[in-house]
file run18.tsv (TSV, C-alpha atoms)
chain	number	residue	atom	x	y	z
R	1	MET	CA	-130.57	138.75	41.66
R	2	ASP	CA	-127.16	138.13	40.16
R	3	SER	CA	-127.34	134.52	39.00
R	4	VAL	CA	-124.46	132.19	39.82
R	5	HIS	CA	-125.74	130.17	36.86
R	6	GLU	CA	-125.13	133.08	34.51
R	7	ILE	CA	-121.74	133.80	36.07
R	8	ALA	CA	-120.68	130.23	35.35
R	9	ILE	CA	-122.05	130.27	31.79
R	10	THR	CA	-120.42	133.56	30.79
R	11	GLY	CA	-117.10	132.66	32.38
R	12	GLN	CA	-116.81	136.03	34.11
R	13	ASN	CA	-114.50	136.40	37.07
R	14	LEU	CA	-115.92	135.41	40.41
R	15	PRO	CA	-117.28	138.50	42.21
R	16	ALA	CA	-115.40	139.43	45.38
R	17	LYS	CA	-118.36	138.65	47.66
R	18	TYR	CA	-117.95	134.91	46.94
R	19	ILE	CA	-114.21	134.76	47.60
R	20	TYR	CA	-112.52	133.66	50.82
R	21	THR	CA	-109.24	135.49	51.38
R	22	ASP	CA	-107.65	132.35	52.81
R	23	SER	CA	-107.52	128.91	51.25
R	24	ILE	CA	-110.43	126.61	52.06
R	25	ASN	CA	-107.92	123.99	53.28
R	26	PRO	CA	-104.86	125.97	54.42
R	27	SER	CA	-103.17	122.94	56.00
R	28	GLN	CA	-104.12	120.48	53.26
R	29	ASP	CA	-101.83	119.67	50.34
R	30	PRO	CA	-104.09	120.38	47.30
R	31	SER	CA	-102.58	117.40	45.50
R	32	ILE	CA	-103.80	115.03	48.22
R	33	PRO	CA	-107.59	114.44	48.35
R	34	LEU	CA	-109.36	114.50	51.68
R	35	PRO	CA	-110.15	111.09	53.17
R	36	LEU	CA	-113.58	109.55	52.71
R	37	LEU	CA	-115.90	109.43	55.70
R	38	GLU	CA	-116.97	105.90	56.50
R	39	ILE	CA	-120.57	106.76	57.33
R	40	PRO	CA	-122.41	103.93	59.09
R	41	VAL	CA	-125.16	102.26	57.07
R	42	ILE	CA	-128.38	101.48	58.92
R	43	ASP	CA	-130.99	98.92	57.86
R	44	PHE	CA	-134.23	100.86	58.31
R	45	ASN	CA	-136.27	97.89	57.21
R	46	ARG	CA	-134.98	95.98	60.26
R	47	LEU	CA	-135.76	98.94	62.49
R	48	ALA	CA	-139.35	99.03	61.25
R	49	THR	CA	-139.86	95.26	61.53
R	50	PRO	CA	-139.43	93.83	65.04
R	51	SER	CA	-137.04	90.91	64.99
R	52	ILE	CA	-134.28	89.28	66.99
R	53	GLY	CA	-131.74	91.71	65.52
R	54	THR	CA	-133.77	94.89	66.03
R	55	GLY	CA	-132.09	95.75	69.32
R	56	GLU	CA	-128.68	95.43	67.73
R	57	GLU	CA	-129.70	97.70	64.83
R	58	LEU	CA	-131.11	100.29	67.25
R	59	GLU	CA	-127.82	100.32	69.13
R	60	ARG	CA	-125.95	100.84	65.84
R	61	LEU	CA	-128.26	103.76	65.07
R	62	ARG	CA	-127.72	105.34	68.50
R	63	SER	CA	-123.96	104.86	68.34
R	64	ALA	CA	-123.71	106.31	64.83
R	65	LEU	CA	-125.78	109.40	65.62
R	66	SER	CA	-123.85	109.96	68.85
R	67	SER	CA	-120.48	109.75	67.11
R	68	TYR	CA	-121.05	110.96	63.54
R	69	GLY	CA	-124.39	112.75	63.68
R	70	CYS	CA	-125.24	111.23	60.30
R	71	VAL	CA	-125.92	107.86	58.72
R	72	MET	CA	-126.31	106.55	55.19
R	73	VAL	CA	-129.78	105.25	54.35
R	74	THR	CA	-129.92	103.28	51.11
R	75	ASN	CA	-131.73	100.65	49.09
R	76	HIS	CA	-128.45	99.18	47.85
R	77	ARG	CA	-128.82	95.42	48.07
R	78	VAL	CA	-125.19	94.79	48.97
R	79	MET	CA	-125.81	96.78	52.14
R	80	VAL	CA	-129.12	94.96	52.74
R	81	THR	CA	-130.83	98.17	53.74
R	82	ASN	CA	-134.17	99.72	52.84
R	83	HIS	CA	-135.50	103.26	53.24
R	84	GLY	CA	-138.58	102.72	51.06
R	85	VAL	CA	-137.83	105.33	48.37
R	86	GLU	CA	-137.46	103.82	44.91
R	87	SER	CA	-134.30	104.64	42.98
R	88	SER	CA	-136.45	105.52	39.95
R	89	LEU	CA	-138.17	108.24	42.01
R	90	MET	CA	-134.81	109.62	43.13
R	91	ASP	CA	-133.72	109.80	39.51
R	92	ARG	CA	-136.92	111.65	38.60
R	93	VAL	CA	-136.32	114.18	41.38
R	94	ARG	CA	-132.83	114.89	40.05
R	95	LEU	CA	-134.14	115.07	36.48
R	96	VAL	CA	-136.93	117.59	37.06
R	97	PHE	CA	-134.54	119.91	38.87
R	98	LYS	CA	-132.00	119.57	36.06
R	99	GLN	CA	-134.76	120.41	33.59
R	100	PHE	CA	-135.81	123.41	35.71
R	101	LEU	CA	-132.25	124.74	35.66
R	102	ALA	CA	-132.15	124.37	31.87
R	103	LEU	CA	-135.15	126.69	31.44
R	104	PRO	CA	-134.58	130.28	30.26
R	105	MET	CA	-133.83	132.66	33.11
R	106	GLU	CA	-137.17	134.47	32.70
R	107	GLU	CA	-138.98	131.16	33.25
R	108	ARG	CA	-136.96	130.32	36.36
R	109	LEU	CA	-137.53	133.78	37.78
R	110	LYS	CA	-141.28	133.16	37.82
R	111	CYS	CA	-140.44	131.26	41.02
R	112	GLN	CA	-138.04	133.91	42.34
R	113	LYS	CA	-138.08	134.41	46.09
R	114	GLU	CA	-138.93	137.79	47.54
R	115	ALA	CA	-136.10	139.81	49.08
R	116	ASP	CA	-137.35	139.26	52.64
R	117	GLY	CA	-138.78	135.78	52.10
R	118	PHE	CA	-137.59	132.23	52.52
R	119	GLU	CA	-139.37	130.35	49.76
R	120	GLY	CA	-138.70	130.41	46.04
R	121	PHE	CA	-135.69	130.42	43.73
R	122	GLY	CA	-132.59	132.46	44.51
R	123	SER	CA	-130.01	132.97	47.25
R	124	ASP	CA	-130.77	132.70	50.94
R	125	MET	CA	-132.09	135.67	52.88
R	126	MET	CA	-129.47	137.88	54.53
R	127	VAL	CA	-130.05	138.99	58.13
R	128	THR	CA	-126.55	140.21	59.00
R	129	LYS	CA	-126.62	143.35	56.87
R	130	ASP	CA	-124.00	145.22	58.89
R	131	VAL	CA	-121.54	142.33	59.10
R	132	PRO	CA	-119.50	141.50	55.96
R	133	VAL	CA	-119.84	137.82	55.11
R	134	VAL	CA	-118.72	135.63	52.24
R	135	HIS	CA	-121.65	134.52	50.10
R	136	ASP	CA	-122.29	130.94	48.99
R	137	PHE	CA	-121.61	130.30	45.30
R	138	SER	CA	-124.90	128.50	44.79
R	139	ALA	CA	-128.59	129.00	44.14
R	140	ARG	CA	-131.52	127.33	45.87
R	141	LEU	CA	-135.16	126.58	45.25
R	142	ARG	CA	-136.85	126.26	48.64
R	143	LEU	CA	-140.45	125.02	48.96
R	144	THR	CA	-142.64	124.05	51.90
R	145	THR	CA	-144.05	120.57	51.27
R	146	TRP	CA	-145.85	119.74	54.55
R	147	PRO	CA	-148.37	120.48	55.87
R	148	GLU	CA	-150.02	120.73	52.48
R	149	ASP	CA	-152.15	123.74	53.40
R	150	LYS	CA	-148.94	125.71	54.00
R	151	ARG	CA	-147.64	125.16	50.48
R	152	GLN	CA	-147.09	128.39	48.54
R	153	MET	CA	-147.81	127.08	45.08
R	154	LYS	CA	-146.78	130.33	43.36
R	155	TYR	CA	-143.19	129.26	43.99
R	156	TRP	CA	-143.65	125.68	42.76
R	157	PRO	CA	-142.40	125.50	39.15
R	158	GLU	CA	-145.02	124.82	36.49
R	159	GLN	CA	-142.23	123.72	34.15
R	160	PRO	CA	-141.14	121.03	33.69
R	161	HIS	CA	-144.74	119.86	33.59
R	162	ASP	CA	-144.25	117.00	36.08
R	163	PHE	CA	-142.15	118.93	38.64
R	164	ARG	CA	-145.01	119.37	41.11
R	165	GLU	CA	-146.16	115.77	40.79
R	166	VAL	CA	-142.66	114.39	41.34
R	167	LEU	CA	-141.98	116.59	44.37
R	168	ASP	CA	-145.35	115.73	45.91
R	169	GLU	CA	-144.65	111.99	45.57
R	170	TYR	CA	-141.09	112.28	46.85
R	171	SER	CA	-141.98	114.47	49.84
R	172	SER	CA	-144.79	112.07	50.80
R	173	LYS	CA	-142.32	109.18	50.88
R	174	LEU	CA	-139.88	111.22	52.97
R	175	LEU	CA	-142.63	112.18	55.44
R	176	VAL	CA	-143.20	108.48	56.16
R	177	LEU	CA	-139.45	107.91	56.53
R	178	HIS	CA	-139.14	110.97	58.77
R	179	ASP	CA	-141.77	109.73	61.24
R	180	ALA	CA	-140.29	106.22	61.26
R	181	THR	CA	-136.83	107.65	61.90
R	182	LEU	CA	-137.93	109.70	64.89
R	183	GLY	CA	-139.66	106.62	66.29
R	184	ALA	CA	-136.51	104.53	65.88
R	185	MET	CA	-134.42	107.25	67.54
R	186	ALA	CA	-136.77	107.29	70.52
R	187	ARG	CA	-136.54	103.50	70.83
R	188	SER	CA	-132.76	103.60	70.58
R	189	LEU	CA	-132.71	105.79	73.71
R	190	SER	CA	-135.42	103.72	75.46
R	191	LEU	CA	-137.61	106.79	75.78
R	192	ASP	CA	-141.10	105.31	75.78
R	193	ASP	CA	-143.23	102.45	74.57
R	194	ASP	CA	-145.08	104.24	71.78
R	195	ASP	CA	-141.95	105.65	70.08
R	196	SER	CA	-143.53	109.12	69.95
R	197	ALA	CA	-141.36	111.21	72.27
R	198	PHE	CA	-139.49	113.13	69.56
R	199	LEU	CA	-142.39	113.12	67.13
R	200	ASN	CA	-144.80	114.62	69.65
R	201	ALA	CA	-142.29	117.35	70.45
R	202	VAL	CA	-142.11	118.64	66.87
R	203	ARG	CA	-144.99	117.32	64.73
R	204	GLU	CA	-147.75	119.59	66.00
R	205	GLY	CA	-147.28	122.91	64.22
R	206	GLY	CA	-144.00	121.83	62.63
R	207	SER	CA	-143.19	121.82	58.94
R	208	ILE	CA	-141.16	120.04	56.28
R	209	SER	CA	-139.55	121.74	53.32
R	210	ALA	CA	-137.61	120.81	50.21
R	211	ARG	CA	-134.48	122.65	49.15
R	212	PHE	CA	-133.05	122.11	45.69
R	213	ASN	CA	-129.39	123.18	45.62
R	214	PHE	CA	-127.45	124.15	42.49
R	215	TYR	CA	-123.67	124.49	42.51
R	216	PRO	CA	-122.23	125.63	39.16
R	217	PRO	CA	-118.62	124.99	38.11
R	218	CYS	CA	-116.26	127.35	39.90
R	219	PRO	CA	-112.93	128.49	38.41
R	220	THR	CA	-111.42	128.99	41.88
R	221	PRO	CA	-112.75	126.13	44.04
R	222	ASP	CA	-110.02	126.76	46.63
R	223	ARG	CA	-111.38	130.27	47.21
R	224	ALA	CA	-115.16	129.72	47.30
R	225	LEU	CA	-117.75	127.40	48.83
R	226	GLY	CA	-121.16	126.19	47.77
R	227	LEU	CA	-122.25	126.12	51.42
R	228	LYS	CA	-120.17	127.52	54.26
R	229	PRO	CA	-119.41	125.34	57.32
R	230	HIS	CA	-122.55	125.00	59.41
R	231	SER	CA	-124.81	122.62	61.26
R	232	ASP	CA	-128.47	122.33	60.28
R	233	GLY	CA	-131.03	124.37	62.22
R	234	THR	CA	-133.52	121.54	61.71
R	235	VAL	CA	-134.87	118.47	63.46
R	236	ILE	CA	-133.75	116.01	60.77
R	237	THR	CA	-132.25	116.61	57.32
R	238	TYR	CA	-132.33	114.07	54.47
R	239	LEU	CA	-129.94	114.74	51.60
R	240	LEU	CA	-130.20	113.25	48.12
R	241	GLN	CA	-126.76	113.81	46.63
R	242	ASP	CA	-125.77	114.37	43.05
R	243	GLY	CA	-125.40	110.98	41.40
R	244	GLU	CA	-121.96	111.72	39.95
R	245	VAL	CA	-120.22	114.75	41.47
R	246	GLU	CA	-118.97	114.80	45.07
R	247	GLY	CA	-119.10	117.95	47.17
R	248	LEU	CA	-120.45	117.29	50.67
R	249	GLN	CA	-117.85	117.25	53.45
R	250	VAL	CA	-118.30	116.58	57.18
R	251	LEU	CA	-116.09	117.83	60.02
R	252	LYS	CA	-115.14	115.07	62.47
R	253	ASP	CA	-112.40	115.29	65.10
R	254	GLU	CA	-111.25	118.62	63.61
R	255	GLN	CA	-110.69	116.97	60.21
R	256	TRP	CA	-112.73	117.42	57.04
R	257	PHE	CA	-113.88	114.21	55.37
R	258	ARG	CA	-115.48	113.71	51.96
R	259	VAL	CA	-118.91	112.06	51.97
R	260	PRO	CA	-119.00	109.32	49.32
R	261	ILE	CA	-121.65	108.98	46.65
R	262	VAL	CA	-123.57	105.75	47.18
R	263	PRO	CA	-126.20	104.67	44.64
R	264	ASP	CA	-129.81	105.07	45.82
R	265	ALA	CA	-128.65	106.59	49.11
R	266	LEU	CA	-129.95	109.31	51.36
R	267	VAL	CA	-127.67	110.96	53.91
R	268	LEU	CA	-129.45	111.60	57.22
R	269	HIS	CA	-128.18	114.49	59.36
R	270	VAL	CA	-129.22	115.15	62.95
R	271	GLY	CA	-130.35	118.78	63.25
R	272	ASP	CA	-129.41	121.20	66.02
R	273	HIS	CA	-132.83	121.03	67.63
R	274	LEU	CA	-132.81	117.25	67.78
R	275	GLU	CA	-129.40	117.46	69.46
R	276	ILE	CA	-130.94	119.71	72.10
R	277	MET	CA	-134.03	117.51	72.55
R	278	SER	CA	-131.82	114.43	72.91
R	279	ASN	CA	-129.80	116.23	75.60
R	280	GLY	CA	-126.68	115.77	73.54
R	281	GLU	CA	-127.16	112.04	72.94
R	282	PHE	CA	-127.31	112.75	69.19
R	283	LYS	CA	-124.84	115.15	67.59
R	284	SER	CA	-125.58	117.68	64.86
R	285	PRO	CA	-122.62	117.48	62.46
R	286	VAL	CA	-120.81	120.48	61.01
R	287	HIS	CA	-120.61	120.17	57.23
R	288	ARG	CA	-119.95	122.20	54.08
R	289	VAL	CA	-120.12	121.92	50.29
R	290	VAL	CA	-117.04	122.40	48.11
R	291	LEU	CA	-117.13	123.26	44.43
R	292	ASN	CA	-115.92	121.57	41.28
R	293	PRO	CA	-113.87	123.56	38.72
R	294	GLU	CA	-115.41	121.81	35.69
R	295	ARG	CA	-118.72	120.21	36.60
R	296	GLN	CA	-121.96	121.47	38.08
R	297	ARG	CA	-123.50	119.69	41.04
R	298	MET	CA	-127.04	119.39	42.35
R	299	SER	CA	-128.56	118.04	45.54
R	300	VAL	CA	-132.02	117.88	47.11
R	301	VAL	CA	-132.71	118.30	50.82
R	302	ILE	CA	-135.87	117.39	52.71
R	303	ALA	CA	-135.76	118.88	56.21
R	304	SER	CA	-138.15	119.06	59.15
R	305	PHE	CA	-138.50	122.11	61.39
R	306	PRO	CA	-140.17	122.80	64.74
R	307	GLU	CA	-143.14	125.11	65.05
R	308	GLU	CA	-142.23	128.80	64.91
R	309	GLY	CA	-141.97	130.14	68.48
R	310	ILE	CA	-142.00	126.74	70.19
R	311	GLN	CA	-139.67	126.21	73.15
R	312	ILE	CA	-137.07	123.51	72.45
R	313	GLU	CA	-135.41	121.76	75.39
R	314	PRO	CA	-134.12	118.31	76.43
R	315	LEU	CA	-136.87	115.71	76.85
R	316	GLU	CA	-137.58	114.85	80.46
R	317	GLY	CA	-136.80	111.18	79.95
R	318	LEU	CA	-133.23	112.04	78.98
R	319	VAL	CA	-132.39	114.15	82.02
R	320	SER	CA	-131.42	112.50	85.30
R	321	GLY	CA	-128.91	112.64	88.13
R	322	GLU	CA	-126.53	110.57	86.07
R	323	LYS	CA	-127.21	112.59	82.91
R	324	PRO	CA	-127.66	116.25	83.88
R	325	ARG	CA	-129.37	118.75	81.63
R	326	LEU	CA	-126.90	120.04	79.02
R	327	TYR	CA	-129.02	122.67	77.25
R	328	ARG	CA	-131.27	125.48	78.38
R	329	GLN	CA	-134.66	126.09	76.78
R	330	VAL	CA	-134.52	128.01	73.48
R	331	LYS	CA	-137.29	129.42	71.30
R	332	TYR	CA	-137.27	128.28	67.68
R	333	SER	CA	-137.14	131.13	65.17
R	334	VAL	CA	-136.54	130.89	61.43
R	335	VAL	CA	-134.90	134.32	61.35
R	336	ASP	CA	-132.60	133.37	64.23
R	337	GLN	CA	-131.55	130.22	62.39
R	338	VAL	CA	-130.65	132.22	59.29
R	339	GLY	CA	-128.64	134.53	61.50
R	340	TYR	CA	-126.73	131.63	63.02
R	341	TYR	CA	-125.89	130.36	59.54
R	342	TRP	CA	-124.55	133.63	58.18
R	343	SER	CA	-122.59	134.43	61.34
R	344	GLY	CA	-121.00	130.97	61.50
R	345	THR	CA	-122.43	130.24	64.96
R	346	ARG	CA	-124.72	127.52	66.29
R	347	VAL	CA	-127.85	127.50	68.44
R	348	THR	CA	-126.44	124.48	70.30
R	349	ASP	CA	-123.52	126.60	71.50
R	350	ASP	CA	-125.84	129.36	72.72
R	351	ALA	CA	-128.11	126.85	74.42
R	352	ARG	CA	-125.39	124.86	76.16
R	353	ILE	CA	-125.39	125.21	79.95

call {"tool": "encode", "arguments": {"input": "run18.tsv", "output": "C-alpha cells"}}
result
Amino acid sequence: MDSVHEIAITGQNLPAKYIYTDSINPSQDPSIPLPLLEIPVIDFNRLATPSIGTGEELERLRSALSSYGCVMVTNHRVMVTNHGVESSLMDRVRLVFKQFLALPMEERLKCQKEADGFEGFGSDMMVTKDVPVVHDFSARLRLTTWPEDKRQMKYWPEQPHDFREVLDEYSSKLLVLHDATLGAMARSLSLDDDDSAFLNAVREGGSISARFNFYPPCPTPDRALGLKPHSDGTVITYLLQDGEVEGLQVLKDEQWFRVPIVPDALVLHVGDHLEIMSNGEFKSPVHRVVLNPERQRMSVVIASFPEEGIQIEPLEGLVSGEKPRLYRQVKYSVVDQVGYYWSGTRVTDDARI
C-alpha cells in the first residue's frame, strides 16, 4: 500500500494515478469560492416528541430530503435542534482518529485491509481492473459496528487505548438516531401507523459501518479529489465533518456547493437504496470531497446498508395510480456498489424504469 499520508509528509510529487487531466472546476474562476449550500436544519427532538408542531417539522423533513437529499442535524442551541449525540463525544471521535493517524506506519498497518476485503485501513477495493480510473487521494479505516457479532475486531485499532470504547459508544448513539430517522421519514410520507416501513425493509440482516476518512494536504488540489463525485450506495449516511477544514461539496441543479461546517453537527445523506424504497420521494445527493493545499482533513461516516442479496424496490404504500412505480427491483450487492463508485455510475440510474 502506497500511503497518501507518507506522500504528503515527504512532499513527493503526486503520482499520476491521483491526477485528473482536466481541472476539477473547469468553468469556475479559481479566485471565486463556490457558494455555500444552505442545508435545511431539522429539529429531531420535535420529531421524536409528538406536539402541535410535529406535523410541520415532518413536512420540512420530507421537503428537504426531496429537494436536497440531505439535512443538517445538530445540537446547536441557536438552531434549537437535538440529535442526542453530545459534542464531547464527537470531539473524542475526532481525537482518537487523529491519534491513530499519528501512530507509526507499522502500528497503523496492523489494521491494514486485505487486498480483496472491505474492512480495515487503506484504500478502497478496486473492482474495475481493466478500466483506468483516477484514484482518490485519501485513506480510510472502515469497520463494521452493527450487528456486534459481525464486528471483525482484528481491524479495530488497539491504539490509542480508548479507540474501541469511543467508537462503540458513538456507534450505539448513531444506531438510535438511525432508527428514529427512518421512523420519522416513514411518518413524513404517511406510510403507516407504527413508523416501521423503512426500518422493516432493511433492519433484518442489514448492517451499519463506520468509515474514518483521512485527506492529507495536496499540492495540486485543482487536479485531485479526496472522493470522486458519487452518491452513497447506502440506506442512510451520517457524516461528522472535520471541525475546522471544509471539503464536502454537494451537486444541486448542476452546480457544486460547499457544505458549511456547523459546530456539533451531523450531515444526513439519503442513500441510493432509500431513494429506491421511497419511489423517488427522497433523493440521494451526488457529492464529492475536495482537498486543501496546506491542511489535512478528517471526517467520520456512519452508514447503514441492506442485507447482502436482498431485493430492494419501492414500498407498496408509495406506489399508486397517481404515483407510478419509478424503479425496478434490484439486488443489493457490496461488490456491485463498489463497481458503481469506481465507474462513476449509480444504481438508481440502472434501476429507473

call {"tool": "atom_distance", "arguments": {"input": "run18.tsv", "atom1": "atom CA of R:Pro229", "atom2": "atom CA of R:Leu182"}}
result
25.4 Å

call {"tool": "closest_atom_pairs", "arguments": {"input": "run18.tsv", "of": "stretch 256-297 of chain R", "to": "stretch 193-212 of chain R", "cutoff": "9 Å", "atoms": "all atoms listed in the file", "output": "Markdown table"}}
result
| residue | atom | partner | partner_atom | distance |
| --- | --- | --- | --- | --- |
| R:Leu274 | CA | R:Phe198 | CA | 8.0 |
| R:Met277 | CA | R:Phe198 | CA | 7.6 |
| R:Ser278 | CA | R:Phe198 | CA | 8.5 |

call {"tool": "closest_residue", "arguments": {"input": "run18.tsv", "among": "R:Arg187, R:His178, R:His269, R:Arg288", "to": "R:His230", "atoms": "only C-alpha atoms"}}
result
R:Arg288

call {"tool": "closest_residue", "arguments": {"input": "run18.tsv", "among": "R:Leu61, R:Met90, R:Leu191, R:Val286", "to": "R:Gly243", "atoms": "all atoms listed in the file"}}
result
R:Met90

call {"tool": "residues_around", "arguments": {"input": "run18.tsv", "residues": "R:Phe97", "least_positions_apart": "3", "cutoff": "12 Å", "atoms": "only C-alpha atoms", "output": "PyMOL selection string"}}
result
chain R and resi 90-94+100-103+108+121+140-142+156-164+166-167+210-214+242+297-300

call {"tool": "residues_around", "arguments": {"input": "run18.tsv", "residues": "R:Ile236", "least_positions_apart": "2", "cutoff": "8 Å", "atoms": "all atoms listed in the file", "output": "list of chain:residue names"}}
result
R:His178, R:Thr234, R:Tyr238, R:Leu268, R:His269, R:Val270, R:Gly271, R:Leu274, R:Ala303, R:Ser304, R:Phe305

call {"tool": "write_last_selection", "arguments": {"input": "run18.tsv", "atoms": "C-alpha atoms", "output": "tab-separated table (two decimals), in the coordinates of the input"}}
result
chain	number	residue	atom	x	y	z
R	178	HIS	CA	-139.14	110.97	58.77
R	234	THR	CA	-133.52	121.54	61.71
R	238	TYR	CA	-132.33	114.07	54.47
R	268	LEU	CA	-129.45	111.60	57.22
R	269	HIS	CA	-128.18	114.49	59.36
R	270	VAL	CA	-129.22	115.15	62.95
R	271	GLY	CA	-130.35	118.78	63.25
R	274	LEU	CA	-132.81	117.25	67.78
R	303	ALA	CA	-135.76	118.88	56.21
R	304	SER	CA	-138.15	119.06	59.15
R	305	PHE	CA	-138.50	122.11	61.39

call {"tool": "closest_residue", "arguments": {"input": "run18.tsv", "among": "R:Leu248, R:Val301, R:Leu174, R:Leu58", "to": "R:Leu143", "atoms": "all atoms listed in the file"}}
result
R:Val301

call {"tool": "closest_residue", "arguments": {"input": "run18.tsv", "among": "R:Asn13, R:Gln249, R:Ser3, R:Ser284", "to": "R:Ser231", "atoms": "all atoms listed in the file"}}
result
R:Ser284

call {"tool": "closest_residue", "arguments": {"input": "run18.tsv", "among": "R:Asp232, R:Glu119, R:Glu313, R:Glu59", "to": "R:Met153", "atoms": "all atoms listed in the file"}}
result
R:Glu119

call {"tool": "closest_residue", "arguments": {"input": "run18.tsv", "among": "R:Gly120, R:Pro285, R:Pro314, R:Pro221", "to": "R:Ser23", "atoms": "only C-alpha atoms"}}
result
R:Pro221

call {"tool": "axis_aligned_box", "arguments": {"input": "run18.tsv", "around": "stretch 330-341 of chain R", "padding_each_side": "4 Å", "output": "AutoDock Vina command-line options"}}
result
--center_x -131.6 --center_y 131.3 --center_z 66.4 --size_x 19.4 --size_y 14.5 --size_z 22.2

call {"tool": "residues_around", "arguments": {"input": "run18.tsv", "residues": "R:Tyr332", "least_positions_apart": "6", "cutoff": "8 Å", "atoms": "all atoms listed in the file", "output": "list in words"}}
result
Pro306, Glu307, Glu308, Gly309, Ile310, Gln311 and Ile312 of chain R

call {"tool": "write_last_selection", "arguments": {"input": "run18.tsv", "atoms": "C-alpha atoms", "output": "JSON list (two decimals), keeping the file's coordinate frame"}}
result
[["chain", "number", "residue", "atom", "x", "y", "z"],
["R", 306, "PRO", "CA", -140.17, 122.80, 64.74],
["R", 307, "GLU", "CA", -143.14, 125.11, 65.05],
["R", 308, "GLU", "CA", -142.23, 128.80, 64.91],
["R", 309, "GLY", "CA", -141.97, 130.14, 68.48],
["R", 310, "ILE", "CA", -142.00, 126.74, 70.19],
["R", 311, "GLN", "CA", -139.67, 126.21, 73.15],
["R", 312, "ILE", "CA", -137.07, 123.51, 72.45]]

call {"tool": "atom_distance", "arguments": {"input": "run18.tsv", "atom1": "atom CA of R:Val245", "atom2": "atom CA of R:Pro260"}}
result
9.6 Å

call {"tool": "residues_around", "arguments": {"input": "run18.tsv", "residues": "R:Gly233", "least_positions_apart": "5", "cutoff": "7 Å", "atoms": "only C-alpha atoms", "output": "ChimeraX atom specification"}}
result
/R:271-273,337

call {"tool": "atom_distance", "arguments": {"input": "run18.tsv", "atom1": "atom CA of R:Val73", "atom2": "atom CA of R:Lys283"}}
result
17.3 Å

call {"tool": "build_atoms", "arguments": {"input": "run18.tsv", "residues": "stretch 17-22 of chain R", "atoms": "all heavy atoms", "output": "tab-separated table (two decimals), in the coordinates of the input"}}
result
chain	number	residue	atom	x	y	z
R	17	LYS	N	-117.56	139.07	46.51
R	17	LYS	CA	-118.36	138.65	47.66
R	17	LYS	C	-118.39	137.14	47.85
R	17	LYS	O	-118.78	136.65	48.91
R	17	LYS	CB	-119.79	139.18	47.53
R	17	LYS	CG	-120.61	138.54	46.41
R	17	LYS	CD	-122.02	139.12	46.39
R	17	LYS	CE	-122.89	138.48	45.33
R	17	LYS	NZ	-124.27	139.00	45.34
R	18	TYR	N	-117.97	136.37	46.82
R	18	TYR	CA	-117.95	134.91	46.94
R	18	TYR	C	-116.58	134.38	47.36
R	18	TYR	O	-116.44	133.18	47.58
R	18	TYR	CB	-118.29	134.28	45.59
R	18	TYR	CG	-119.70	134.56	45.10
R	18	TYR	CD1	-119.92	135.35	43.98
R	18	TYR	CD2	-120.81	134.02	45.75
R	18	TYR	CE1	-121.20	135.61	43.52
R	18	TYR	CE2	-122.09	134.26	45.30
R	18	TYR	CZ	-122.28	135.06	44.18
R	18	TYR	OH	-123.56	135.31	43.73
R	19	ILE	N	-115.58	135.23	47.46
R	19	ILE	CA	-114.21	134.76	47.60
R	19	ILE	C	-113.73	134.83	49.05
R	19	ILE	O	-113.83	135.87	49.72
R	19	ILE	CB	-113.27	135.59	46.70
R	19	ILE	CG1	-113.67	135.42	45.24
R	19	ILE	CG2	-111.81	135.18	46.90
R	19	ILE	CD1	-112.87	136.28	44.28
R	20	TYR	N	-113.19	133.71	49.53
R	20	TYR	CA	-112.52	133.66	50.82
R	20	TYR	C	-111.07	134.11	50.63
R	20	TYR	O	-110.40	133.67	49.70
R	20	TYR	CB	-112.55	132.25	51.40
R	20	TYR	CG	-113.92	131.81	51.89
R	20	TYR	CD1	-114.86	131.29	51.01
R	20	TYR	CD2	-114.27	131.92	53.23
R	20	TYR	CE1	-116.12	130.90	51.45
R	20	TYR	CE2	-115.52	131.53	53.69
R	20	TYR	CZ	-116.45	131.02	52.79
R	20	TYR	OH	-117.68	130.64	53.22
R	21	THR	N	-110.60	134.98	51.53
R	21	THR	CA	-109.24	135.49	51.38
R	21	THR	C	-108.20	134.41	51.67
R	21	THR	O	-107.09	134.45	51.14
R	21	THR	CB	-109.01	136.68	52.33
R	21	THR	OG1	-109.32	136.28	53.67
R	21	THR	CG2	-109.91	137.85	51.93
R	22	ASP	N	-108.55	133.46	52.51
R	22	ASP	CA	-107.65	132.35	52.81
R	22	ASP	C	-108.11	131.10	52.07
R	22	ASP	O	-109.27	130.97	51.69
R	22	ASP	CB	-107.62	132.06	54.32
R	22	ASP	CG	-107.10	133.24	55.12
R	22	ASP	OD1	-106.16	133.90	54.63
R	22	ASP	OD2	-107.63	133.50	56.21
